[in-house]
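Visitor: Hey, dropping work-v9.pdb in here, PDB, C-alpha atoms:
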```
MODEL        1
ATOM      1  CA  MET A   4       0.194  26.692 -61.676  1.00  0.00           C
ATOM      2  CA  ILE A   5      -0.152  27.125 -57.917  1.00  0.00           C
ATOM      3  CA  SER A   6      -3.945  27.002 -57.954  1.00  0.00           C
ATOM      4  CA  SER A   7      -3.932  23.418 -59.233  1.00  0.00           C
ATOM      5  CA  CYS A   8      -1.806  22.207 -56.319  1.00  0.00           C
ATOM      6  CA  ILE A   9      -2.818  23.385 -52.857  1.00  0.00           C
ATOM      7  CA  PRO A  10      -0.056  22.964 -50.248  1.00  0.00           C
ATOM      8  CA  SER A  11      -2.418  22.778 -47.259  1.00  0.00           C
ATOM      9  CA  LYS A  12      -4.396  19.925 -48.828  1.00  0.00           C
ATOM     10  CA  ILE A  13      -1.221  17.993 -49.654  1.00  0.00           C
ATOM     11  CA  ILE A  14       0.030  18.292 -46.054  1.00  0.00           C
ATOM     12  CA  GLU A  15      -3.418  17.292 -44.739  1.00  0.00           C
ATOM     13  CA  VAL A  16      -3.326  14.101 -46.846  1.00  0.00           C
ATOM     14  CA  VAL A  17       0.215  13.291 -45.664  1.00  0.00           C
ATOM     15  CA  ASN A  18      -0.781  13.945 -42.043  1.00  0.00           C
ATOM     16  CA  ASN A  19      -3.903  11.777 -42.279  1.00  0.00           C
ATOM     17  CA  ARG A  20      -2.041   8.857 -43.822  1.00  0.00           C
ATOM     18  CA  LEU A  21       0.817   9.020 -41.332  1.00  0.00           C
ATOM     19  CA  SER A  22      -1.557   9.449 -38.358  1.00  0.00           C
ATOM     20  CA  ARG A  23      -3.747   6.544 -39.464  1.00  0.00           C
ATOM     21  CA  CYS A  24      -0.866   4.051 -39.730  1.00  0.00           C
ATOM     22  CA  ASN A  25       1.348   5.370 -36.951  1.00  0.00           C
ATOM     23  CA  GLU A  26       1.763   2.548 -34.438  1.00  0.00           C
ATOM     24  CA  ASP A  27       5.221   3.865 -33.476  1.00  0.00           C
ATOM     25  CA  ASN A  28       3.896   7.404 -32.826  1.00  0.00           C
ATOM     26  CA  LEU A  29       6.317   8.956 -35.295  1.00  0.00           C
ATOM     27  CA  THR A  30       5.896  12.619 -36.067  1.00  0.00           C
ATOM     28  CA  LEU A  31       7.718  15.036 -38.310  1.00  0.00           C
ATOM     29  CA  SER A  32       7.953  18.697 -39.011  1.00  0.00           C
ATOM     30  CA  ALA A  33       7.817  19.975 -42.565  1.00  0.00           C
ATOM     31  CA  TRP A  34       7.831  23.195 -44.510  1.00  0.00           C
ATOM     32  CA  PHE A  35       6.231  22.759 -47.916  1.00  0.00           C
ATOM     33  CA  GLY A  36       6.076  25.494 -50.484  1.00  0.00           C
ATOM     34  CA  ILE A  37       5.237  25.881 -54.132  1.00  0.00           C
ATOM     35  CA  TYR A  38       7.401  28.395 -55.967  1.00  0.00           C
ATOM     36  CA  GLU A  39       6.033  30.135 -59.053  1.00  0.00           C
ATOM     37  CA  ILE A  40       9.198  30.979 -60.968  1.00  0.00           C
ATOM     38  CA  SER A  41       7.656  33.610 -63.246  1.00  0.00           C
ATOM     39  CA  THR A  42       6.452  35.809 -60.376  1.00  0.00           C
ATOM     40  CA  GLY A  43       8.630  34.802 -57.412  1.00  0.00           C
ATOM     41  CA  ARG A  44       5.478  33.990 -55.436  1.00  0.00           C
ATOM     42  CA  ILE A  45       5.616  31.182 -52.887  1.00  0.00           C
ATOM     43  CA  THR A  46       2.554  29.580 -51.318  1.00  0.00           C
ATOM     44  CA  ALA A  47       3.540  27.522 -48.286  1.00  0.00           C
ATOM     45  CA  VAL A  48       2.500  25.534 -45.247  1.00  0.00           C
ATOM     46  CA  ASN A  49       4.586  25.207 -42.116  1.00  0.00           C
ATOM     47  CA  ALA A  50       3.836  22.021 -40.178  1.00  0.00           C
ATOM     48  CA  GLY A  51       5.870  22.629 -37.028  1.00  0.00           C
ATOM     49  CA  HIS A  52       9.133  23.375 -38.857  1.00  0.00           C
ATOM     50  CA  GLU A  53      11.601  26.211 -38.420  1.00  0.00           C
ATOM     51  CA  CYS A  54      10.450  29.302 -40.320  1.00  0.00           C
ATOM     52  CA  PRO A  55      12.453  30.112 -43.443  1.00  0.00           C
ATOM     53  CA  LEU A  56      14.536  33.249 -43.726  1.00  0.00           C
ATOM     54  CA  LYS A  57      14.039  35.734 -46.547  1.00  0.00           C
ATOM     55  CA  VAL A  58      17.236  37.557 -47.458  1.00  0.00           C
ATOM     56  CA  SER A  59      16.886  40.739 -49.487  1.00  0.00           C
ATOM     57  CA  LYS A  60      18.429  44.163 -49.842  1.00  0.00           C
ATOM     58  CA  ASP A  61      16.373  45.076 -46.744  1.00  0.00           C
ATOM     59  CA  GLY A  62      18.139  42.449 -44.614  1.00  0.00           C
ATOM     60  CA  VAL A  63      17.256  39.048 -43.151  1.00  0.00           C
ATOM     61  CA  LYS A  64      13.658  38.421 -42.066  1.00  0.00           C
ATOM     62  CA  GLU A  65      11.866  35.347 -40.751  1.00  0.00           C
ATOM     63  CA  ILE A  66       8.843  34.491 -42.921  1.00  0.00           C
ATOM     64  CA  GLY A  67       5.565  33.109 -41.557  1.00  0.00           C
ATOM     65  CA  GLU A  68       6.514  33.021 -37.890  1.00  0.00           C
ATOM     66  CA  ASP A  69       2.889  33.576 -36.913  1.00  0.00           C
ATOM     67  CA  ILE A  70       1.495  30.828 -39.164  1.00  0.00           C
ATOM     68  CA  VAL A  71       3.071  27.614 -37.860  1.00  0.00           C
ATOM     69  CA  SER A  72       0.700  24.635 -37.816  1.00  0.00           C
ATOM     70  CA  PHE A  73       0.840  21.268 -36.063  1.00  0.00           C
ATOM     71  CA  ILE A  74       3.512  18.677 -36.762  1.00  0.00           C
ATOM     72  CA  ILE A  75       2.597  15.825 -39.107  1.00  0.00           C
ATOM     73  CA  GLY A  76       1.501  12.455 -37.729  1.00  0.00           C
ATOM     74  CA  LEU A  77       0.116  13.646 -34.409  1.00  0.00           C
ATOM     75  CA  THR A  78      -3.640  13.489 -35.046  1.00  0.00           C
ATOM     76  CA  GLU A  79      -5.755  12.626 -38.051  1.00  0.00           C
ATOM     77  CA  GLY A  80      -8.043  15.346 -39.410  1.00  0.00           C
ATOM     78  CA  MET A  81      -5.823  18.361 -38.715  1.00  0.00           C
ATOM     79  CA  SER A  82      -6.218  21.498 -40.838  1.00  0.00           C
ATOM     80  CA  TYR A  83      -3.181  23.400 -42.052  1.00  0.00           C
ATOM     81  CA  ARG A  84      -2.993  27.107 -42.909  1.00  0.00           C
ATOM     82  CA  GLU A  85      -1.282  28.425 -45.992  1.00  0.00           C
ATOM     83  CA  TYR A  86       0.482  31.703 -46.422  1.00  0.00           C
ATOM     84  CA  SER A  87       2.026  33.431 -49.411  1.00  0.00           C
ATOM     85  CA  PHE A  88       4.857  35.835 -49.988  1.00  0.00           C
ATOM     86  CA  THR A  89       6.982  36.999 -52.895  1.00  0.00           C
ATOM     87  CA  LEU A  90      10.684  36.733 -53.509  1.00  0.00           C
ATOM     88  CA  GLU A  91      11.651  39.890 -55.338  1.00  0.00           C
ATOM     89  CA  GLU A  92      14.420  39.725 -57.937  1.00  0.00           C
ATOM     90  CA  GLY A  93      17.736  39.392 -56.159  1.00  0.00           C
ATOM     91  CA  SER A  94      16.167  38.085 -52.933  1.00  0.00           C
ATOM     92  CA  HIS A  95      16.287  34.524 -51.727  1.00  0.00           C
ATOM     93  CA  LEU A  96      14.959  32.086 -49.182  1.00  0.00           C
ATOM     94  CA  LEU A  97      16.984  30.015 -46.733  1.00  0.00           C
ATOM     95  CA  LEU A  98      15.366  26.902 -45.287  1.00  0.00           C
ATOM     96  CA  TYR A  99      17.101  24.998 -42.519  1.00  0.00           C
ATOM     97  CA  THR A 100      16.559  22.186 -40.066  1.00  0.00           C
ATOM     98  CA  ASP A 101      16.468  22.779 -36.327  1.00  0.00           C
ATOM     99  CA  GLY A 102      19.697  20.803 -36.042  1.00  0.00           C
ATOM    100  CA  LYS A 103      21.564  24.008 -36.828  1.00  0.00           C
ATOM    101  CA  LEU A 104      19.983  25.776 -33.876  1.00  0.00           C
ATOM    102  CA  ASN A 105      20.329  22.792 -31.540  1.00  0.00           C
ATOM    103  CA  ALA A 106      23.977  21.944 -32.331  1.00  0.00           C
ATOM    104  CA  GLU A 107      25.805  22.105 -29.000  1.00  0.00           C
ATOM    105  CA  ASN A 108      29.291  23.186 -28.056  1.00  0.00           C
ATOM    106  CA  PRO A 109      31.346  21.169 -25.518  1.00  0.00           C
ATOM    107  CA  GLU A 110      29.705  23.136 -22.657  1.00  0.00           C
ATOM    108  CA  GLY A 111      26.216  22.032 -23.789  1.00  0.00           C
ATOM    109  CA  GLU A 112      25.179  25.467 -25.083  1.00  0.00           C
ATOM    110  CA  ALA A 113      23.027  25.470 -28.251  1.00  0.00           C
ATOM    111  CA  PHE A 114      24.169  27.319 -31.392  1.00  0.00           C
ATOM    112  CA  SER A 115      20.899  29.326 -31.410  1.00  0.00           C
ATOM    113  CA  TYR A 116      18.821  31.359 -33.801  1.00  0.00           C
ATOM    114  CA  ASP A 117      20.700  34.584 -33.028  1.00  0.00           C
ATOM    115  CA  ARG A 118      24.053  33.092 -34.053  1.00  0.00           C
ATOM    116  CA  MET A 119      22.555  31.781 -37.285  1.00  0.00           C
ATOM    117  CA  ILE A 120      20.982  35.157 -38.127  1.00  0.00           C
ATOM    118  CA  LYS A 121      24.331  36.866 -37.488  1.00  0.00           C
ATOM    119  CA  ALA A 122      26.181  34.436 -39.791  1.00  0.00           C
ATOM    120  CA  VAL A 123      23.579  34.886 -42.564  1.00  0.00           C
ATOM    121  CA  SER A 124      23.438  38.675 -42.121  1.00  0.00           C
ATOM    122  CA  ASP A 125      27.215  39.078 -42.186  1.00  0.00           C
ATOM    123  CA  ALA A 126      27.560  36.935 -45.315  1.00  0.00           C
ATOM    124  CA  ALA A 127      24.573  38.615 -47.020  1.00  0.00           C
ATOM    125  CA  ALA A 128      26.006  42.079 -46.345  1.00  0.00           C
ATOM    126  CA  ALA A 129      29.133  41.052 -48.263  1.00  0.00           C
ATOM    127  CA  GLY A 130      27.080  39.476 -51.089  1.00  0.00           C
ATOM    128  CA  ASP A 131      26.145  40.773 -54.490  1.00  0.00           C
ATOM    129  CA  CYS A 132      22.792  40.074 -56.163  1.00  0.00           C
ATOM    130  CA  ARG A 133      23.130  41.991 -59.431  1.00  0.00           C
ATOM    131  CA  ASP A 134      23.189  38.981 -61.745  1.00  0.00           C
ATOM    132  CA  LYS A 135      22.881  35.196 -61.814  1.00  0.00           C
ATOM    133  CA  ASP A 136      26.556  34.455 -61.102  1.00  0.00           C
ATOM    134  CA  SER A 137      26.642  36.918 -58.205  1.00  0.00           C
ATOM    135  CA  ILE A 138      23.527  35.411 -56.636  1.00  0.00           C
ATOM    136  CA  TYR A 139      24.933  31.874 -56.866  1.00  0.00           C
ATOM    137  CA  GLY A 140      28.115  33.078 -55.194  1.00  0.00           C
ATOM    138  CA  SER A 141      26.153  34.891 -52.473  1.00  0.00           C
ATOM    139  CA  LEU A 142      24.001  31.835 -51.747  1.00  0.00           C
ATOM    140  CA  ARG A 143      27.071  29.603 -51.481  1.00  0.00           C
ATOM    141  CA  LYS A 144      28.730  32.178 -49.209  1.00  0.00           C
ATOM    142  CA  GLU A 145      25.722  32.385 -46.868  1.00  0.00           C
ATOM    143  CA  VAL A 146      25.211  28.629 -46.579  1.00  0.00           C
ATOM    144  CA  GLY A 147      28.955  28.184 -46.096  1.00  0.00           C
ATOM    145  CA  ALA A 148      29.074  30.925 -43.453  1.00  0.00           C
ATOM    146  CA  VAL A 149      26.358  29.232 -41.398  1.00  0.00           C
ATOM    147  CA  GLN A 150      28.006  25.813 -41.755  1.00  0.00           C
ATOM    148  CA  ASP A 151      31.380  27.282 -40.739  1.00  0.00           C
ATOM    149  CA  ALA A 152      29.823  29.083 -37.764  1.00  0.00           C
ATOM    150  CA  VAL A 153      28.165  25.863 -36.547  1.00  0.00           C
ATOM    151  CA  PHE A 154      31.372  23.820 -36.872  1.00  0.00           C
ATOM    152  CA  GLU A 155      33.434  26.528 -35.187  1.00  0.00           C
ATOM    153  CA  PHE A 156      30.872  26.707 -32.371  1.00  0.00           C
ATOM    154  CA  VAL A 157      30.705  22.951 -31.704  1.00  0.00           C
ATOM    155  CA  GLY A 158      34.474  22.523 -31.979  1.00  0.00           C
ATOM    156  CA  GLU A 159      35.542  18.917 -31.591  1.00  0.00           C
ATOM    157  CA  LYS A 160      32.159  17.788 -30.281  1.00  0.00           C
ATOM    158  CA  ALA A 161      30.419  15.370 -32.640  1.00  0.00           C
ATOM    159  CA  LEU A 162      27.128  16.554 -34.103  1.00  0.00           C
ATOM    160  CA  SER A 163      24.150  14.497 -32.965  1.00  0.00           C
ATOM    161  CA  VAL A 164      21.636  16.244 -35.252  1.00  0.00           C
ATOM    162  CA  ASP A 165      21.421  17.074 -38.929  1.00  0.00           C
ATOM    163  CA  ILE A 166      22.336  20.577 -40.077  1.00  0.00           C
ATOM    164  CA  THR A 167      20.672  20.753 -43.472  1.00  0.00           C
ATOM    165  CA  MET A 168      20.117  23.998 -45.414  1.00  0.00           C
ATOM    166  CA  LEU A 169      18.456  24.827 -48.718  1.00  0.00           C
ATOM    167  CA  ALA A 170      18.805  28.152 -50.531  1.00  0.00           C
ATOM    168  CA  LEU A 171      16.317  29.268 -53.179  1.00  0.00           C
ATOM    169  CA  GLY A 172      17.025  32.467 -55.087  1.00  0.00           C
ATOM    170  CA  HIS A 173      14.837  34.537 -57.375  1.00  0.00           C
ATOM    171  CA  ILE A 174      17.305  35.373 -60.121  1.00  0.00           C
ATOM    172  CA  PRO A 175      16.953  38.461 -62.319  1.00  0.00           C
ATOM    173  CA  GLU A 176      16.494  37.737 -66.010  1.00  0.00           C
TER     174      GLU A 176
ENDMDL
END
```
Can the structure from this file be put into structure tokens for me?
Guide:
Amino acid sequence: MISSCIPSKIIEVVNNRLSRCNEDNLTLSAWFGIYEISTGRITAVNAGHECPLKVSKDGVKEIGEDIVSFIIGLTEGMSYREYSFTLEEGSHLLLYTDGKLNAENPEGEAFSYDRMIKAVSDAAAAGDCRDKDSIYGSLRKEVGAVQDAVFEFVGEKALSVDITMLALGHIPE
């Protein structure tokens, strides 16, 4: 149950512990959410991370862009704000690291948010979310489309950042 585990308090504890013992001044960004499977409700905290994308029949939308808190490890005693939203049946969430956006082509140009949104939108438009198998296929297609777009964009240039993605779908019963 979400009420027994409060994301903001968990991130505050992690921040305090890292800040207290942080002689190397290491910081990190994190997006932490608790997903209630029965309702599709997600309660989350964004500690300086890229905002997730919600993909639904209405299109691709950034979630929580106005509720980004401080990165973890910067200062002890920080407070973090939670926000909640619902994944409707057939919708899904895409989480990604900033490495996708920062991947550079040989000319030094970054891949960018707009290119990622286009890759996700194009793949989502061709997807099908009527049943479990269709959703799995759509999620694989979207993640693959973004990966392909990044690799096509960077060409032969070696990646110097991670390009991790996670897809979470609310599957109809």
Visitor: Give me, as a PyMOL selection string, all polymer residues having an atom no more than 8 Å from Val71 (chain A), counting all atoms listed in the file and skipping those fewer than 4 positions away in the same chain.
Guide: chain A and resi 48-52+54+67+84
Visitor: Can you turn the PyMOL selection byres ((chain A and resi 118) around 10) into a concrete residue list for this file, as a list of chain:residue names?
Guide: A:Lys103, A:Leu104, A:Ala113, A:Phe114, A:Ser115, A:Tyr116, A:Asp117, A:Met119, A:Ile120, A:Lys121, A:Ala122, A:Val123, A:Ser124, A:Val149, A:Ala152, A:Val153, A:Phe156
Visitor: Could you list the residues chosen by the PyMOL selection byres ((chain A and resi 107) around 12) in this structure as JSON, numbers by chain?
Guide: {"A": [101, 102, 103, 104, 105, 106, 108, 109, 110, 111, 112, 113, 114, 115, 152, 153, 154, 155, 156, 157, 158, 159, 160, 161, 162, 163, 164, 165, 166]}
Visitor: Run the PyMOL selection byres ((chain A and resi 72) around 12) on the file and write out the hits as JSON, numbers by chain.
Guide: {"A": [11, 14, 15, 18, 31, 32, 33, 34, 35, 47, 48, 49, 50, 51, 52, 53, 54, 67, 68, 69, 70, 71, 73, 74, 75, 77, 81, 82, 83, 84, 85, 86]}
Visitor: In Å, rounded to a single decimal, give me how far CA of Ile40 (chain A) is from CA of Tyr99 (chain A).
Guide: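 It comes out at 20.9 Å.
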Visitor: Kindly indicate which residue among A:Ala126, A:Leu98, A:Val58, A:Leu21 lies nearest to Arg143 (chain A), using all atoms listed in the file for the distances.
Guide: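 Nearest candidate to Arg143 (chain A) out of A:Ala126, A:Leu98, A:Val58, A:Leu21: A:Ala126.
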Visitor: Work out how far CA of Gly80 (chain A) is from CA of Leu29 (chain A), in Å to one decimal.
Guide: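 Distance reported for this atom pair: 16.2 Å.
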Visitor: Complete the atom set of region 140-168 of chain A to N, CA and C atoms and return it as a short mmCIF file (atom, residue, chain, number, x, y, z; two decimals), in the coordinates of the input.
Guide:
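Output below, filename result-v4.cif:
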```
data_model
loop_
_atom_site.label_atom_id
_atom_site.label_comp_id
_atom_site.auth_asym_id
_atom_site.auth_seq_id
_atom_site.Cartn_x
_atom_site.Cartn_y
_atom_site.Cartn_z
N GLY A 140 26.99 32.90 -56.10
CA GLY A 140 28.12 33.08 -55.19
C GLY A 140 27.65 33.51 -53.81
N SER A 141 26.68 34.42 -53.76
CA SER A 141 26.15 34.89 -52.47
C SER A 141 25.47 33.77 -51.71
N LEU A 142 24.68 32.95 -52.41
CA LEU A 142 24.00 31.84 -51.75
C LEU A 142 25.01 30.85 -51.18
N ARG A 143 26.03 30.51 -51.97
CA ARG A 143 27.07 29.60 -51.48
C ARG A 143 27.78 30.20 -50.26
N LYS A 144 28.04 31.51 -50.31
CA LYS A 144 28.73 32.18 -49.21
C LYS A 144 27.88 32.14 -47.93
N GLU A 145 26.59 32.38 -48.05
CA GLU A 145 25.72 32.38 -46.87
C GLU A 145 25.59 30.99 -46.25
N VAL A 146 25.33 30.00 -47.09
CA VAL A 146 25.21 28.63 -46.58
C VAL A 146 26.54 28.21 -45.95
N GLY A 147 27.63 28.51 -46.63
CA GLY A 147 28.96 28.18 -46.10
C GLY A 147 29.25 28.89 -44.78
N ALA A 148 28.84 30.16 -44.68
CA ALA A 148 29.07 30.92 -43.45
C ALA A 148 28.34 30.31 -42.27
N VAL A 149 27.12 29.86 -42.49
CA VAL A 149 26.36 29.23 -41.40
C VAL A 149 27.00 27.90 -41.03
N GLN A 150 27.35 27.10 -42.04
CA GLN A 150 28.01 25.81 -41.76
C GLN A 150 29.30 26.05 -40.97
N ASP A 151 30.12 27.00 -41.43
CA ASP A 151 31.38 27.28 -40.74
C ASP A 151 31.13 27.73 -39.31
N ALA A 152 30.13 28.59 -39.11
CA ALA A 152 29.82 29.08 -37.76
C ALA A 152 29.40 27.94 -36.84
N VAL A 153 28.59 27.01 -37.36
CA VAL A 153 28.16 25.86 -36.55
C VAL A 153 29.37 25.01 -36.18
N PHE A 154 30.22 24.68 -37.16
CA PHE A 154 31.37 23.82 -36.87
C PHE A 154 32.37 24.50 -35.94
N GLU A 155 32.55 25.80 -36.09
CA GLU A 155 33.43 26.53 -35.19
C GLU A 155 32.85 26.52 -33.77
N PHE A 156 31.54 26.67 -33.67
CA PHE A 156 30.87 26.71 -32.37
C PHE A 156 30.96 25.36 -31.64
N VAL A 157 30.71 24.27 -32.36
CA VAL A 157 30.70 22.95 -31.70
C VAL A 157 32.11 22.44 -31.45
N GLY A 158 33.10 22.96 -32.18
CA GLY A 158 34.47 22.52 -31.98
C GLY A 158 34.64 21.05 -32.29
N GLU A 159 35.26 20.34 -31.38
CA GLU A 159 35.54 18.92 -31.59
C GLU A 159 34.36 18.02 -31.26
N LYS A 160 33.32 18.59 -30.68
CA LYS A 160 32.16 17.79 -30.28
C LYS A 160 31.45 17.26 -31.53
N ALA A 161 31.11 15.98 -31.51
CA ALA A 161 30.42 15.37 -32.64
C ALA A 161 28.99 15.89 -32.71
N LEU A 162 28.52 16.12 -33.92
CA LEU A 162 27.13 16.55 -34.10
C LEU A 162 26.20 15.36 -33.91
N SER A 163 25.11 15.57 -33.18
CA SER A 163 24.15 14.50 -32.97
C SER A 163 22.85 14.77 -33.72
N VAL A 164 22.83 15.86 -34.49
CA VAL A 164 21.64 16.24 -35.25
C VAL A 164 22.06 16.64 -36.67
N ASP A 165 21.09 16.66 -37.58
CA ASP A 165 21.42 17.07 -38.93
C ASP A 165 21.46 18.60 -38.99
N ILE A 166 22.23 19.12 -39.93
CA ILE A 166 22.34 20.58 -40.08
C ILE A 166 22.13 20.93 -41.55
N THR A 167 20.98 20.57 -42.06
CA THR A 167 20.67 20.75 -43.47
C THR A 167 20.19 22.16 -43.76
N MET A 168 20.59 22.69 -44.94
CA MET A 168 20.12 24.00 -45.41
C MET A 168 19.79 23.90 -46.90
#
```
